[in-house]
file target05.cif (mmCIF, C-alpha atoms)
data_coords
loop_
_atom_site.label_atom_id
_atom_site.label_comp_id
_atom_site.auth_asym_id
_atom_site.auth_seq_id
_atom_site.Cartn_x
_atom_site.Cartn_y
_atom_site.Cartn_z
CA MET A 14 -58.49 -11.27 70.89
CA PHE A 15 -58.28 -11.74 67.14
CA ILE A 16 -55.67 -13.14 64.79
CA ASP A 17 -54.68 -11.78 61.39
CA THR A 18 -53.59 -15.04 59.81
CA HIS A 19 -51.95 -13.49 56.75
CA CYS A 20 -50.11 -10.19 56.33
CA HIS A 21 -46.88 -8.84 54.83
CA ILE A 22 -45.48 -6.30 57.29
CA PHE A 23 -42.17 -5.67 55.54
CA LYS A 24 -39.82 -2.69 55.03
CA GLU A 25 -40.74 -2.70 51.36
CA TYR A 26 -44.25 -1.52 52.27
CA TYR A 27 -44.07 0.19 55.68
CA ASP A 28 -41.81 2.81 57.21
CA ASN A 29 -43.56 2.48 60.60
CA ILE A 30 -43.50 -1.27 61.26
CA THR A 31 -43.29 -0.98 65.05
CA GLU A 32 -46.28 1.38 65.08
CA VAL A 33 -48.34 -0.98 62.90
CA ILE A 34 -47.52 -3.95 65.13
CA ASN A 35 -48.09 -2.06 68.39
CA GLU A 36 -51.55 -1.03 67.14
CA MET A 37 -52.50 -4.71 67.43
CA LYS A 38 -51.76 -4.64 71.20
CA ASP A 39 -52.35 -8.20 72.45
CA ASN A 40 -53.84 -9.39 69.16
CA ILE A 41 -51.78 -11.75 67.02
CA MET A 42 -50.55 -11.51 63.45
CA ILE A 43 -48.95 -14.13 61.22
CA VAL A 44 -46.51 -12.52 58.80
CA SER A 45 -46.11 -14.48 55.58
CA GLY A 46 -42.91 -14.60 53.55
CA TYR A 47 -42.91 -15.10 49.80
CA ASN A 48 -39.26 -14.95 48.67
CA SER A 49 -35.76 -15.18 50.13
CA SER A 50 -35.54 -11.57 51.33
CA SER A 51 -39.01 -11.48 52.91
CA ASN A 52 -38.40 -14.84 54.58
CA LYS A 53 -35.37 -13.34 56.31
CA GLU A 54 -37.51 -10.40 57.47
CA VAL A 55 -40.09 -12.84 58.85
CA ILE A 56 -37.41 -14.39 61.08
CA GLU A 57 -36.31 -10.97 62.28
CA LEU A 58 -39.88 -9.94 63.09
CA VAL A 59 -40.91 -13.08 64.96
CA ASN A 60 -37.76 -12.91 67.07
CA LYS A 61 -38.36 -9.23 67.91
CA TYR A 62 -42.11 -8.91 68.57
CA PRO A 63 -44.04 -11.14 71.01
CA ASN A 64 -47.34 -10.95 69.10
CA VAL A 65 -45.84 -11.78 65.69
CA TYR A 66 -45.68 -15.31 64.30
CA GLY A 67 -44.62 -16.23 60.80
CA THR A 68 -44.68 -18.51 57.80
CA ILE A 69 -41.84 -18.81 55.31
CA GLY A 70 -42.12 -19.95 51.72
CA LEU A 71 -41.64 -19.23 48.03
CA HIS A 72 -44.51 -17.65 46.10
CA PRO A 73 -45.34 -18.97 42.61
CA GLU A 74 -44.43 -15.63 41.03
CA GLU A 75 -40.90 -16.13 42.36
CA VAL A 76 -40.23 -19.53 40.79
CA ASN A 77 -37.86 -18.21 38.12
CA ASN A 78 -35.67 -16.61 40.81
CA ILE A 79 -35.37 -19.54 43.19
CA SER A 80 -32.06 -21.21 44.06
CA GLU A 81 -31.32 -24.22 46.24
CA ASN A 82 -30.27 -21.76 48.95
CA SER A 83 -33.88 -20.57 49.09
CA PHE A 84 -35.00 -24.01 50.25
CA ASP A 85 -32.01 -24.36 52.58
CA PHE A 86 -33.06 -21.21 54.43
CA ILE A 87 -36.60 -22.52 54.91
CA ILE A 88 -35.35 -25.84 56.28
CA GLU A 89 -32.76 -24.15 58.54
CA ASN A 90 -35.44 -21.96 60.13
CA ILE A 91 -38.49 -24.23 60.06
CA ASN A 92 -38.05 -25.30 63.69
CA ASN A 93 -38.05 -21.76 65.05
CA PRO A 94 -40.91 -22.04 67.58
CA LYS A 95 -42.59 -18.96 66.11
CA ILE A 96 -42.56 -20.22 62.53
CA VAL A 97 -45.97 -21.84 62.26
CA GLY A 98 -46.19 -22.77 58.61
CA ILE A 99 -44.85 -23.00 55.07
CA GLY A 100 -46.22 -20.20 52.93
CA GLU A 101 -47.12 -18.32 50.96
CA ILE A 102 -46.83 -21.01 48.30
CA GLY A 103 -49.02 -22.29 45.49
CA LEU A 104 -49.91 -21.57 41.87
CA ASP A 105 -50.55 -18.36 39.94
CA TYR A 106 -51.38 -18.45 36.23
CA HIS A 107 -52.76 -14.90 36.06
CA TYR A 108 -49.77 -13.16 34.50
CA VAL A 109 -47.52 -16.08 33.55
CA SER A 110 -48.74 -19.50 32.51
CA ASP A 111 -45.83 -20.83 30.45
CA ASN A 112 -44.07 -22.10 33.57
CA LYS A 113 -46.95 -24.14 34.99
CA GLU A 114 -44.90 -27.30 35.42
CA LEU A 115 -42.12 -25.44 37.23
CA GLN A 116 -44.70 -23.80 39.51
CA LYS A 117 -46.17 -27.21 40.32
CA ASP A 118 -42.73 -28.66 41.02
CA ILE A 119 -41.81 -25.84 43.43
CA PHE A 120 -45.25 -26.06 45.09
CA ILE A 121 -44.97 -29.81 45.60
CA LYS A 122 -41.41 -29.54 46.90
CA GLN A 123 -42.60 -27.15 49.59
CA MET A 124 -45.63 -29.30 50.41
CA ASN A 125 -43.19 -32.15 51.02
CA ILE A 126 -41.13 -29.95 53.36
CA ALA A 127 -44.32 -29.13 55.27
CA ARG A 128 -45.14 -32.83 55.55
CA LYS A 129 -41.63 -33.73 56.73
CA TYR A 130 -41.66 -31.09 59.46
CA ASN A 131 -45.38 -31.33 60.27
CA LYS A 132 -46.14 -27.70 59.42
CA THR A 133 -49.34 -25.99 58.29
CA VAL A 134 -49.37 -24.84 54.66
CA VAL A 135 -50.59 -21.45 53.44
CA ILE A 136 -51.63 -21.62 49.79
CA HIS A 137 -51.99 -18.91 47.16
CA SER A 138 -54.07 -19.85 44.13
CA ARG A 139 -54.92 -17.43 41.34
CA ASP A 140 -56.52 -18.58 38.09
CA ALA A 141 -55.26 -22.07 38.98
CA ILE A 142 -57.82 -23.57 41.32
CA LEU A 143 -58.20 -26.96 39.54
CA ASP A 144 -54.47 -27.69 39.57
CA THR A 145 -54.26 -26.43 43.16
CA VAL A 146 -57.06 -28.73 44.33
CA ASN A 147 -55.52 -31.70 42.53
CA ILE A 148 -52.25 -31.20 44.40
CA ILE A 149 -54.00 -30.67 47.74
CA LYS A 150 -55.75 -34.04 47.27
CA GLU A 151 -52.36 -35.70 47.76
CA TYR A 152 -51.73 -33.87 51.06
CA GLN A 153 -54.91 -34.29 53.06
CA ASP A 154 -52.82 -35.27 56.09
CA LEU A 155 -51.61 -31.66 56.36
CA LYS A 156 -53.36 -28.67 57.89
CA ILE A 157 -53.91 -26.27 55.01
CA VAL A 158 -55.07 -22.65 54.72
CA MET A 159 -56.39 -21.32 51.41
CA HIS A 160 -55.20 -17.75 51.65
CA CYS A 161 -57.49 -15.02 50.30
CA TYR A 162 -60.15 -17.48 49.21
CA SER A 163 -61.78 -16.39 45.95
CA SER A 164 -63.30 -19.47 44.34
CA SER A 165 -66.81 -20.89 44.35
CA LEU A 166 -68.96 -22.27 47.15
CA GLU A 167 -68.75 -25.71 45.54
CA VAL A 168 -64.93 -25.68 45.59
CA ALA A 169 -64.98 -24.36 49.17
CA ARG A 170 -67.04 -27.37 50.27
CA ASP A 171 -64.63 -29.75 48.52
CA LEU A 172 -61.61 -28.10 50.16
CA ILE A 173 -63.10 -28.26 53.64
CA LYS A 174 -63.44 -32.03 53.25
CA MET A 175 -59.66 -32.06 52.72
CA ASN A 176 -58.71 -30.36 56.01
CA VAL A 177 -58.54 -26.87 54.47
CA LYS A 178 -59.62 -23.66 56.19
CA LEU A 179 -60.50 -20.54 54.19
CA GLY A 180 -58.80 -17.19 54.73
CA ILE A 181 -61.38 -14.39 54.45
CA GLY A 182 -60.07 -10.90 53.72
CA GLY A 183 -61.21 -7.44 52.72
CA VAL A 184 -62.93 -8.57 49.53
CA VAL A 185 -65.87 -9.77 51.64
CA THR A 186 -66.64 -6.09 52.39
CA PHE A 187 -66.56 -4.99 48.73
CA LYS A 188 -69.78 -4.38 46.80
CA ASN A 189 -68.51 -6.67 44.04
CA GLY A 190 -67.49 -9.39 46.51
CA VAL A 191 -70.74 -11.27 45.87
CA LYS A 192 -69.16 -14.71 45.39
CA LEU A 193 -67.16 -14.50 48.62
CA LYS A 194 -70.21 -13.28 50.54
CA GLU A 195 -72.06 -16.39 49.35
CA VAL A 196 -69.22 -18.57 50.62
CA VAL A 197 -69.19 -16.89 54.03
CA GLN A 198 -72.95 -17.20 54.38
CA ASN A 199 -72.98 -20.90 53.53
CA ILE A 200 -69.80 -22.24 55.12
CA THR A 201 -69.77 -22.84 58.87
CA ILE A 202 -67.67 -20.30 60.72
CA GLU A 203 -65.54 -23.10 62.19
CA ASN A 204 -63.92 -23.31 58.74
CA LEU A 205 -63.09 -19.60 58.35
CA LEU A 206 -60.05 -17.53 59.29
CA LEU A 207 -59.55 -13.76 59.39
CA GLU A 208 -56.79 -12.21 57.29
CA THR A 209 -55.91 -8.82 55.87
CA ASP A 210 -53.18 -9.61 53.29
CA SER A 211 -51.73 -6.25 54.36
CA PRO A 212 -50.64 -3.98 52.78
CA TYR A 213 -53.16 -5.01 50.10
CA MET A 214 -56.96 -5.23 49.89
CA SER A 215 -58.05 -2.85 52.63
CA PRO A 216 -61.67 -3.50 53.62
CA GLU A 217 -64.41 -0.94 53.19
CA PRO A 218 -64.54 1.89 54.17
CA LEU A 219 -60.74 2.02 53.83
CA ARG A 220 -60.51 0.55 50.33
CA GLY A 221 -57.66 2.12 48.37
CA LYS A 222 -55.60 2.88 51.47
CA GLN A 223 -52.69 0.88 52.84
CA ASN A 224 -54.03 -2.08 54.78
CA LYS A 225 -52.98 -2.98 58.34
CA PRO A 226 -53.53 -6.07 60.52
CA TYR A 227 -55.84 -4.18 62.88
CA ASN A 228 -58.34 -3.90 60.02
CA CYS A 229 -59.23 -7.55 60.67
CA TYR A 230 -61.78 -6.00 62.98
CA LEU A 231 -63.71 -4.61 59.97
CA ILE A 232 -63.62 -7.98 58.21
CA ALA A 233 -64.94 -9.67 61.34
CA LYS A 234 -67.78 -7.15 61.54
CA LYS A 235 -68.83 -7.96 57.97
CA ILE A 236 -68.72 -11.70 58.63
CA ALA A 237 -70.89 -11.18 61.73
CA GLU A 238 -73.40 -9.24 59.62
CA LEU A 239 -73.48 -11.86 56.86
CA LYS A 240 -73.91 -14.77 59.27
CA GLY A 241 -76.31 -13.02 61.64
CA ILE A 242 -74.16 -13.62 64.71
CA SER A 243 -72.36 -11.35 67.15
CA LEU A 244 -68.98 -9.78 66.46
CA GLU A 245 -67.74 -11.35 69.71
CA SER A 246 -68.67 -14.81 68.39
CA VAL A 247 -66.81 -14.22 65.13
CA LEU A 248 -63.67 -13.09 66.95
CA LYS A 249 -63.78 -15.94 69.45
CA ILE A 250 -64.41 -18.72 66.92
CA THR A 251 -61.98 -17.52 64.23
CA THR A 252 -59.29 -17.08 66.89
CA SER A 253 -59.86 -20.65 68.06
CA ASN A 254 -59.75 -21.81 64.42
CA ALA A 255 -56.40 -20.10 63.86
CA ILE A 256 -54.85 -21.43 67.06
CA SER A 257 -55.83 -24.94 66.03
CA GLN A 258 -54.95 -24.72 62.34
CA PHE A 259 -51.49 -23.24 62.99
CA ASP A 260 -50.80 -25.12 66.25
CA LEU A 261 -50.12 -21.76 67.89
CA LYS A 262 -48.47 -21.91 71.29
CA LEU A 263 -49.66 -18.64 72.81
#
call {"tool": "encode", "arguments": {"input": "target05.cif", "output": "structure tokens"}}
result
Amino acid sequence: MFIDTHCHIFKEYYDNITEVINEMKDNIMIVSGYNSSSNKEVIELVNKYPNVYGTIGLHPEEVNNISENSFDFIIENINNPKIVGIGEIGLDYHYVSDNKELQKDIFIKQMNIARKYNKTVVIHSRDAILDTVNIIKEYQDLKIVMHCYSSSLEVARDLIKMNVKLGIGGVVTFKNGVKLKEVVQNITIENLLLETDSPYMSPEPLRGKQNKPYNCYLIAKKIAELKGISLESVLKITTSNAISQFDLKL
């Protein structure tokens, strides 16, 4: 068994959702919301499909569109037994950086919800790693996943000391994914999780095509190659990591 710890299997991207989910068979996927509409879809999906779990949250790119109702929905649904975390939340200064303080406020508000309800947090950080790390330092009591990890080996080591696990996606298979390969080679596998970020970032040799949770298999193969261990070991250990980090009740 393997677990795709981060994907976005929503109507916006797929016209064959049931087919994509059934392809996973007994493997597990964690579908991650990022705004009010996708959070509602997460609830629908986890209630419909046995092998789908979910996280609900408000992405930093959504901060200018957030109302109090957005938080109310998260709190109203946080105790659904198949909602295993708050996410995808965090900071993103890539396209917009004039709302940094608002992004931080929304991020911290959701971290506090996670703390109150004892939920794992799934964090997005793009061009904002220093501010992200500084906020995480105040929440080391939480289980945290750094989704689509893209920073340095040094930062990875610092994060792991703070109860953070690293989500490893398709970039590790890319020729230009040198920095992430270095992280995978030097961080113990007990601190890594598999993720696809579907429909984005398909691994080689499928780069450029729509990604699917089953492609975790290709990511696992690359990790096995980089670490010089068997594919079976990668699948077994990363599955155990995910079960523990998300408190999955399978």
call {"tool": "atom_distance", "arguments": {"input": "target05.cif", "atom1": "atom CA of A:Gly46", "atom2": "atom CA of A:Lys225"}}
result
16.1 Å
call {"tool": "resolve_selection", "arguments": {"input": "target05.cif", "expression": "the PyMOL selection byres ((chain A and resi 71) around 10)", "output": "list in words"}}
result
Ser45, Gly46, Tyr47, Asn48, Ser49, Ser51, Asn52, Ile69, Gly70, His72, Pro73, Glu74, Glu75, Val76, Asn78, Ile79, Ser83, Phe84, Ile87, Ile99, Gly100, Glu101, Ile102, Gly103, Ile119, Phe120 and Gln123 of chain A
call {"tool": "closest_atom_pairs", "arguments": {"input": "target05.cif", "of": "stretch 153-258 of chain A", "to": "stretch 14-22 of chain A", "cutoff": "9 Å", "atoms": "only C-alpha atoms", "output": "CSV"}}
result
residue,atom,partner,partner_atom,distance
A:His160,CA,A:His19,CA,7.4
A:Cys161,CA,A:His19,CA,8.6
A:Gly180,CA,A:Thr18,CA,7.6
A:Leu206,CA,A:Thr18,CA,6.9
A:Leu207,CA,A:Asp17,CA,5.6
A:Glu208,CA,A:Asp17,CA,4.6
A:Thr209,CA,A:Cys20,CA,6.0
A:Asp210,CA,A:Cys20,CA,4.4
A:Ser211,CA,A:Cys20,CA,4.7
A:Pro212,CA,A:His21,CA,6.5
A:Tyr213,CA,A:Cys20,CA,8.7
A:Lys225,CA,A:Cys20,CA,8.0
A:Pro226,CA,A:Asp17,CA,5.9
A:Tyr227,CA,A:Asp17,CA,7.8
A:Asn228,CA,A:Asp17,CA,8.8
A:Cys229,CA,A:Asp17,CA,6.3
A:Tyr230,CA,A:Phe15,CA,7.9
A:Leu248,CA,A:Phe15,CA,5.6
A:Lys249,CA,A:Met14,CA,7.2
A:Thr251,CA,A:Phe15,CA,7.5
A:Thr252,CA,A:Phe15,CA,5.4
A:Ala255,CA,A:Ile16,CA,7.1
A:Ile256,CA,A:Ile16,CA,8.6
call {"tool": "closest_residue", "arguments": {"input": "target05.cif", "among": "A:Asp140, A:Glu238, A:Glu36, A:Asp171", "to": "A:Thr186", "atoms": "all atoms listed in the file"}}
result
A:Glu238
call {"tool": "residues_near_point", "arguments": {"input": "target05.cif", "point": "(-41.8, -11.8, 70.8)", "cutoff": "12 Å", "atoms": "only C-alpha atoms", "output": "MDAnalysis selection string"}}
result
chainID A and resid 34:35 39 41:42 56:67 94:96 263
